[in-house]
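Below is one structure, written out as structure tokens; comments come after it.
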Amino acid sequence: MSSVALPIYPTFPLPHSLKQHSSSITSSSPSQPVIKRLANASPAAAPLPVTSGNGVNQSSGLPRGGAETPTTFSFDTMDSALEAFQRGEFLVVMDDESRENEGDLIIAADKITTEKMAFMIKHTSGYVCISLPHDRLDALEIPMMLPTNTEKHRTAYTVTVDYKRGTTTGISAHDRALTARMLASPTSKPDDFTRPGHMVPLRAQRGGVLQRRGHTESAVDMCRLTGLSQAGLLCELVNDDVEGSMARRDDCRAFADKWGFKMISVEMIAQHVTETMKDA
């Protein structure tokens, strides 16, 4: 196998607020996000600790969500989103209204559990993707799906994969979560995965959101900004209606408020990256 070029992403220092949160997580008030997890817990075995603000399904540990109420639109702060993301919580990330005008549910791949994957599948289109840098996909020998990309937004789809060990058909929440964690693992090797499969890797552009304002790059940049393995899961939110229509800005805000998730935009991530680079 030919040598792989080192990634050219800049290295960013962790914000001071994240360093304070990386060692422990305190209990939350009802206004805080509903999905919590201990920073040092094993993603494969840890349950989903939940605050009491919106209630919890005791059998699964997943949040039930509260009553939907009208909200005045606003994004959450970037600092609060970074802290939530590092703890292993979902984020809702909106792109520009003139582009896809869609909100993706995004989470770090090394923080995913079976229960969280099931939640993700239930509330999205179900076509769960995992964003990875060029060099990691090259090291795992996962090529592009097609040599010529004619997709509208040039989303860089690769050949699909499943993890070989501990999976069955590859499509279950358990199997997809395991495959995602192993794609995020620095010790995984090319022959650990079968091709094709049920997890959809995406090749993030070098330079991240500064190069391409997409959810693919947002997922990797959020992992990088929080010191996590550069592998981010993402999938488009859909409305709970008979048509399964795409969730737009206000739909996404209502969903984030219902479940206690932070909501930011791709543009906010780009601004934060730019500011962090200036401070580095």
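Each chain in the structure tokens gets a letter, A, B, ..., in the order shown, and its residues are numbered from 1; ligands are numbered from 1 in order too.
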
Neighbour list for A:Leu178 as a VMD selection string, cut-off 8 Å, only C-alpha atoms, skip fewer than 3 positions in-chain: chain A and resid 44 113 to 114 163 167 174 to 175 181 to 182

Just to be explicit: take each residue in the selection above, keep C-alpha atoms, and write the result as a PDB file, in the first residue's frame.
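That gives us selection14.pdb:
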ATOM      1  CA  ALA A  44     -20.193   0.040  23.937  1.00  0.00           C
ATOM      2  CA  THR A 113     -24.021   3.585  21.529  1.00  0.00           C
ATOM      3  CA  THR A 114     -26.675   1.177  20.303  1.00  0.00           C
ATOM      4  CA  TYR A 163     -17.290  -4.141  10.704  1.00  0.00           C
ATOM      5  CA  THR A 167     -22.045  -7.927  13.700  1.00  0.00           C
ATOM      6  CA  HIS A 174     -26.071  -2.291  17.300  1.00  0.00           C
ATOM      7  CA  ASP A 175     -24.164  -3.209  14.141  1.00  0.00           C
ATOM      8  CA  ARG A 181     -16.899   3.177  16.599  1.00  0.00           C
ATOM      9  CA  MET A 182     -14.431   0.953  14.790  1.00  0.00           C
TER      10      MET A 182
END

Nearby residues (only C-alpha atoms) at most 6 Å from stretch 136-147 of chain A, same-chain spacing under 6 positions excluded, as a compact mmCIF listing (two decimals) with all heavy atoms, in the first residue's frame:
# COMPACT_ATOMS: atom_id res chain seq x y z
N TYR A 157 -19.30 10.59 -1.29
CA TYR A 157 -19.65 9.25 -0.83
C TYR A 157 -18.54 8.25 -1.20
O TYR A 157 -18.01 8.29 -2.30
CB TYR A 157 -20.96 8.79 -1.46
CG TYR A 157 -22.17 9.56 -1.01
CD1 TYR A 157 -22.69 10.59 -1.80
CD2 TYR A 157 -22.80 9.27 0.19
CE1 TYR A 157 -23.80 11.30 -1.39
CE2 TYR A 157 -23.92 9.98 0.61
CZ TYR A 157 -24.42 11.00 -0.19
OH TYR A 157 -25.50 11.71 0.22
N THR A 158 -18.26 7.36 -0.26
CA THR A 158 -17.30 6.30 -0.53
C THR A 158 -18.03 4.95 -0.60
O THR A 158 -19.26 4.89 -0.40
CB THR A 158 -16.22 6.22 0.56
OG1 THR A 158 -16.80 5.66 1.76
CG2 THR A 158 -15.64 7.58 0.88
N VAL A 159 -17.28 3.91 -0.83
CA VAL A 159 -17.83 2.56 -0.75
C VAL A 159 -18.30 2.30 0.68
O VAL A 159 -17.63 2.67 1.65
CB VAL A 159 -16.75 1.52 -1.15
CG1 VAL A 159 -17.21 0.10 -0.87
CG2 VAL A 159 -16.39 1.69 -2.62
N LYS A 189 -7.94 -1.64 11.01
CA LYS A 189 -7.18 -1.87 9.79
C LYS A 189 -8.13 -2.14 8.63
O LYS A 189 -9.31 -2.46 8.84
CB LYS A 189 -6.22 -3.05 9.99
CG LYS A 189 -5.17 -2.81 11.07
CD LYS A 189 -4.30 -4.03 11.26
CE LYS A 189 -3.18 -3.75 12.26
NZ LYS A 189 -3.70 -3.31 13.58
N PRO A 190 -7.64 -2.04 7.39
CA PRO A 190 -8.52 -2.23 6.22
C PRO A 190 -9.28 -3.55 6.23
O PRO A 190 -10.46 -3.58 5.87
CB PRO A 190 -7.54 -2.16 5.04
CG PRO A 190 -6.43 -1.28 5.53
CD PRO A 190 -6.28 -1.62 6.99

Shell around A:Leu210 at 8 Å using only C-alpha atoms, local window under 3 positions removed, as a list in words: Gly207, Arg213, Ala270, Val273 and Thr274 of chain A

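Among the candidate residues A:Phe261, A:Tyr127, A:Phe73, A:Phe119, the one lying nearest to A:Leu91 is A:Phe261, with distances computed using only C-alpha atoms.
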
Which residue of A:Gln211, A:Ser188, A:Ser172, A:Ser218 approaches A:Ile264 most closely, using only C-alpha atoms: A:Ser218

Of the listed residues A:Phe90, A:Thr194, A:Leu105, A:Thr77, that which approaches A:Gly260 most closely, counting only C-alpha atoms: A:Phe90

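Distances here use only C-alpha atoms; by that measure, the residue among A:Ser185, A:Thr226, A:Thr160, A:Ser125 closest to A:Leu202 is A:Thr160.
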
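Distances to A:Glu115 were evaluated for A:Glu267, A:Ala173, A:Asp162, A:Cys223 using only C-alpha atoms, and the minimum falls at A:Ala173.
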
Distance of atom CA of A:Leu234 from atom CA of A:Ile106, expressed in Å to one decimal place: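 For atom CA of A:Ile106 relative to atom CA of A:Leu234, the distance reads 4.5 Å.
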
Per-residue DSSP, stretch 173-215 of chain A, filtered to alpha helix (DSSP H), as a PyMOL selection string: chain A and resi 173-184+215

List as an mmCIF file with N, CA and C atoms, in the first residue's frame the protein and nucleic acid residues near A:Phe75, meaning an atom at most 12 Å away when only C-alpha atoms are counted, but skip any in the same chain fewer than 4 places from it.
data_model
loop_
_atom_site.group_PDB
_atom_site.id
_atom_site.type_symbol
_atom_site.label_atom_id
_atom_site.label_comp_id
_atom_site.auth_asym_id
_atom_site.auth_seq_id
_atom_site.Cartn_x
_atom_site.Cartn_y
_atom_site.Cartn_z
ATOM 1 N N THR A 71 -41.644 28.417 19.993
ATOM 2 C CA THR A 71 -40.386 29.020 20.417
ATOM 3 C C THR A 71 -40.024 30.169 19.499
ATOM 4 N N ASP A 79 -19.891 27.826 22.328
ATOM 5 C CA ASP A 79 -19.223 27.223 23.487
ATOM 6 C C ASP A 79 -20.080 26.126 24.111
ATOM 7 N N SER A 80 -21.391 26.391 24.249
ATOM 8 C CA SER A 80 -22.269 25.372 24.842
ATOM 9 C C SER A 80 -22.390 24.157 23.942
ATOM 10 N N ALA A 81 -22.359 24.372 22.623
ATOM 11 C CA ALA A 81 -22.424 23.250 21.680
ATOM 12 C C ALA A 81 -21.158 22.412 21.735
ATOM 13 N N LEU A 91 -25.961 17.051 18.479
ATOM 14 C CA LEU A 91 -26.173 18.439 18.094
ATOM 15 C C LEU A 91 -27.081 18.476 16.874
ATOM 16 N N VAL A 92 -27.854 19.544 16.746
ATOM 17 C CA VAL A 92 -28.575 19.827 15.511
ATOM 18 C C VAL A 92 -27.796 20.921 14.801
ATOM 19 N N VAL A 93 -27.360 20.643 13.568
ATOM 20 C CA VAL A 93 -26.536 21.593 12.817
ATOM 21 C C VAL A 93 -27.253 21.949 11.518
ATOM 22 N N MET A 94 -27.538 23.255 11.350
ATOM 23 C CA MET A 94 -28.226 23.760 10.163
ATOM 24 C C MET A 94 -27.219 24.271 9.148
ATOM 25 N N ARG A 249 -35.633 24.962 9.225
ATOM 26 C CA ARG A 249 -35.049 25.661 10.371
ATOM 27 C C ARG A 249 -35.919 25.622 11.621
ATOM 28 N N ASP A 250 -37.172 26.068 11.509
ATOM 29 C CA ASP A 250 -38.030 26.131 12.694
ATOM 30 C C ASP A 250 -38.405 24.735 13.193
ATOM 31 N N CYS A 252 -36.393 22.200 13.066
ATOM 32 C CA CYS A 252 -35.194 21.745 13.772
ATOM 33 C C CYS A 252 -35.074 22.396 15.145
ATOM 34 N N ARG A 253 -35.454 23.672 15.233
ATOM 35 C CA ARG A 253 -35.401 24.353 16.531
ATOM 36 C C ARG A 253 -36.375 23.711 17.512
ATOM 37 N N ALA A 254 -37.570 23.392 17.028
ATOM 38 C CA ALA A 254 -38.567 22.745 17.885
ATOM 39 C C ALA A 254 -38.085 21.368 18.329
ATOM 40 N N ALA A 256 -34.902 20.351 18.593
ATOM 41 C CA ALA A 256 -33.803 20.539 19.540
ATOM 42 C C ALA A 256 -34.334 20.920 20.917
ATOM 43 N N ASP A 257 -35.336 21.802 20.960
ATOM 44 C CA ASP A 257 -35.912 22.208 22.240
ATOM 45 C C ASP A 257 -36.634 21.046 22.915
ATOM 46 N N PHE A 261 -31.383 19.370 22.945
ATOM 47 C CA PHE A 261 -30.133 19.392 22.205
ATOM 48 C C PHE A 261 -29.732 20.823 21.865
ATOM 49 N N LYS A 262 -28.447 21.061 21.730
ATOM 50 C CA LYS A 262 -27.961 22.345 21.267
ATOM 51 C C LYS A 262 -28.103 22.411 19.750
ATOM 52 N N MET A 263 -28.389 23.623 19.245
ATOM 53 C CA MET A 263 -28.553 23.824 17.817
ATOM 54 C C MET A 263 -27.650 24.967 17.365
ATOM 55 N N ILE A 264 -26.828 24.687 16.361
ATOM 56 C CA ILE A 264 -25.916 25.678 15.794
ATOM 57 C C ILE A 264 -25.991 25.594 14.273
ATOM 58 N N SER A 265 -25.172 26.388 13.594
ATOM 59 C CA SER A 265 -25.157 26.371 12.141
ATOM 60 C C SER A 265 -23.755 26.069 11.626
ATOM 61 N N VAL A 266 -23.683 25.657 10.374
ATOM 62 C CA VAL A 266 -22.390 25.430 9.725
ATOM 63 C C VAL A 266 -21.583 26.724 9.727
ATOM 64 N N GLU A 267 -22.248 27.842 9.490
ATOM 65 C CA GLU A 267 -21.559 29.128 9.452
ATOM 66 C C GLU A 267 -20.955 29.470 10.812
ATOM 67 N N MET A 268 -21.640 29.114 11.893
ATOM 68 C CA MET A 268 -21.092 29.349 13.235
ATOM 69 C C MET A 268 -19.813 28.550 13.451
ATOM 70 N N ILE A 269 -19.793 27.320 12.958
ATOM 71 C CA ILE A 269 -18.587 26.493 13.072
ATOM 72 C C ILE A 269 -17.448 27.135 12.291
#

Distance of atom CA of A:Gln230 from atom CA of A:Ala184, expressed in Å to one decimal place: 6.9 Å

Gap from atom CA of A:Glu89 to atom CA of A:Pro196 - Å, one decimal: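 It comes out at 28.9 Å.
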
Test item, strand (DSSP E) assignment across stretch 155-275 of chain A, answer as a PyMOL selection string: chain A and resi 161-163+193-203+232-236+262-265

Those selected residues, please, written with N, CA and C atoms and delivered as a compact mmCIF listing (two decimals), in the first residue's frame.
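Wrote selection-v8.txt, looks like this:
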# COMPACT_ATOMS: atom_id res chain seq x y z
N VAL A 161 -19.36 0.18 4.15
CA VAL A 161 -18.64 -0.86 4.88
C VAL A 161 -19.44 -1.36 6.08
N ASP A 162 -19.08 -2.55 6.56
CA ASP A 162 -19.53 -3.11 7.83
C ASP A 162 -18.31 -3.61 8.59
N TYR A 163 -18.35 -3.54 9.90
CA TYR A 163 -17.29 -4.14 10.70
C TYR A 163 -17.49 -5.65 10.71
N PHE A 193 -12.99 -4.59 7.88
CA PHE A 193 -14.29 -4.20 7.34
C PHE A 193 -14.60 -4.95 6.05
N THR A 194 -15.89 -5.28 5.90
CA THR A 194 -16.37 -5.86 4.64
C THR A 194 -16.91 -4.74 3.76
N ARG A 195 -16.87 -4.96 2.46
CA ARG A 195 -17.32 -3.97 1.48
C ARG A 195 -18.13 -4.69 0.40
N PRO A 196 -19.35 -4.25 0.07
CA PRO A 196 -20.08 -3.11 0.64
C PRO A 196 -20.71 -3.46 1.97
N GLY A 197 -21.32 -2.43 2.60
CA GLY A 197 -21.93 -2.65 3.90
C GLY A 197 -23.09 -1.70 4.13
N HIS A 198 -23.31 -1.35 5.40
CA HIS A 198 -24.47 -0.52 5.75
C HIS A 198 -24.10 0.80 6.40
N MET A 199 -22.81 1.06 6.61
CA MET A 199 -22.36 2.36 7.09
C MET A 199 -21.77 3.11 5.90
N VAL A 200 -22.13 4.38 5.79
CA VAL A 200 -21.78 5.17 4.61
C VAL A 200 -20.71 6.21 4.97
N PRO A 201 -19.45 5.92 4.71
CA PRO A 201 -18.40 6.92 4.97
C PRO A 201 -18.46 8.06 3.95
N LEU A 202 -18.15 9.26 4.43
CA LEU A 202 -18.04 10.43 3.59
C LEU A 202 -16.63 11.00 3.74
N ARG A 203 -16.07 11.46 2.63
CA ARG A 203 -14.72 12.02 2.64
C ARG A 203 -14.81 13.53 2.84
N GLY A 232 -17.23 11.74 12.55
CA GLY A 232 -18.51 12.25 13.02
C GLY A 232 -19.68 11.64 12.29
N LEU A 233 -20.68 11.19 13.04
CA LEU A 233 -21.90 10.64 12.45
C LEU A 233 -22.87 11.77 12.15
N LEU A 234 -23.60 11.62 11.05
CA LEU A 234 -24.55 12.65 10.66
C LEU A 234 -25.69 12.06 9.86
N CYS A 235 -26.86 12.66 10.00
CA CYS A 235 -28.02 12.24 9.22
C CYS A 235 -29.06 13.35 9.26
N GLU A 236 -29.82 13.50 8.17
CA GLU A 236 -30.78 14.58 8.04
C GLU A 236 -32.02 14.34 8.89
N LYS A 262 -28.45 21.06 21.73
CA LYS A 262 -27.96 22.35 21.27
C LYS A 262 -28.10 22.41 19.75
N MET A 263 -28.39 23.62 19.25
CA MET A 263 -28.55 23.82 17.82
C MET A 263 -27.65 24.97 17.37
N ILE A 264 -26.83 24.69 16.36
CA ILE A 264 -25.92 25.68 15.79
C ILE A 264 -25.99 25.59 14.27
N SER A 265 -25.17 26.39 13.59
CA SER A 265 -25.16 26.37 12.14
C SER A 265 -23.76 26.07 11.63

Among listed residues A:Thr169, A:Thr216, A:Thr72, A:Thr124, nearest A:Thr155 (using only C-alpha atoms): A:Thr216
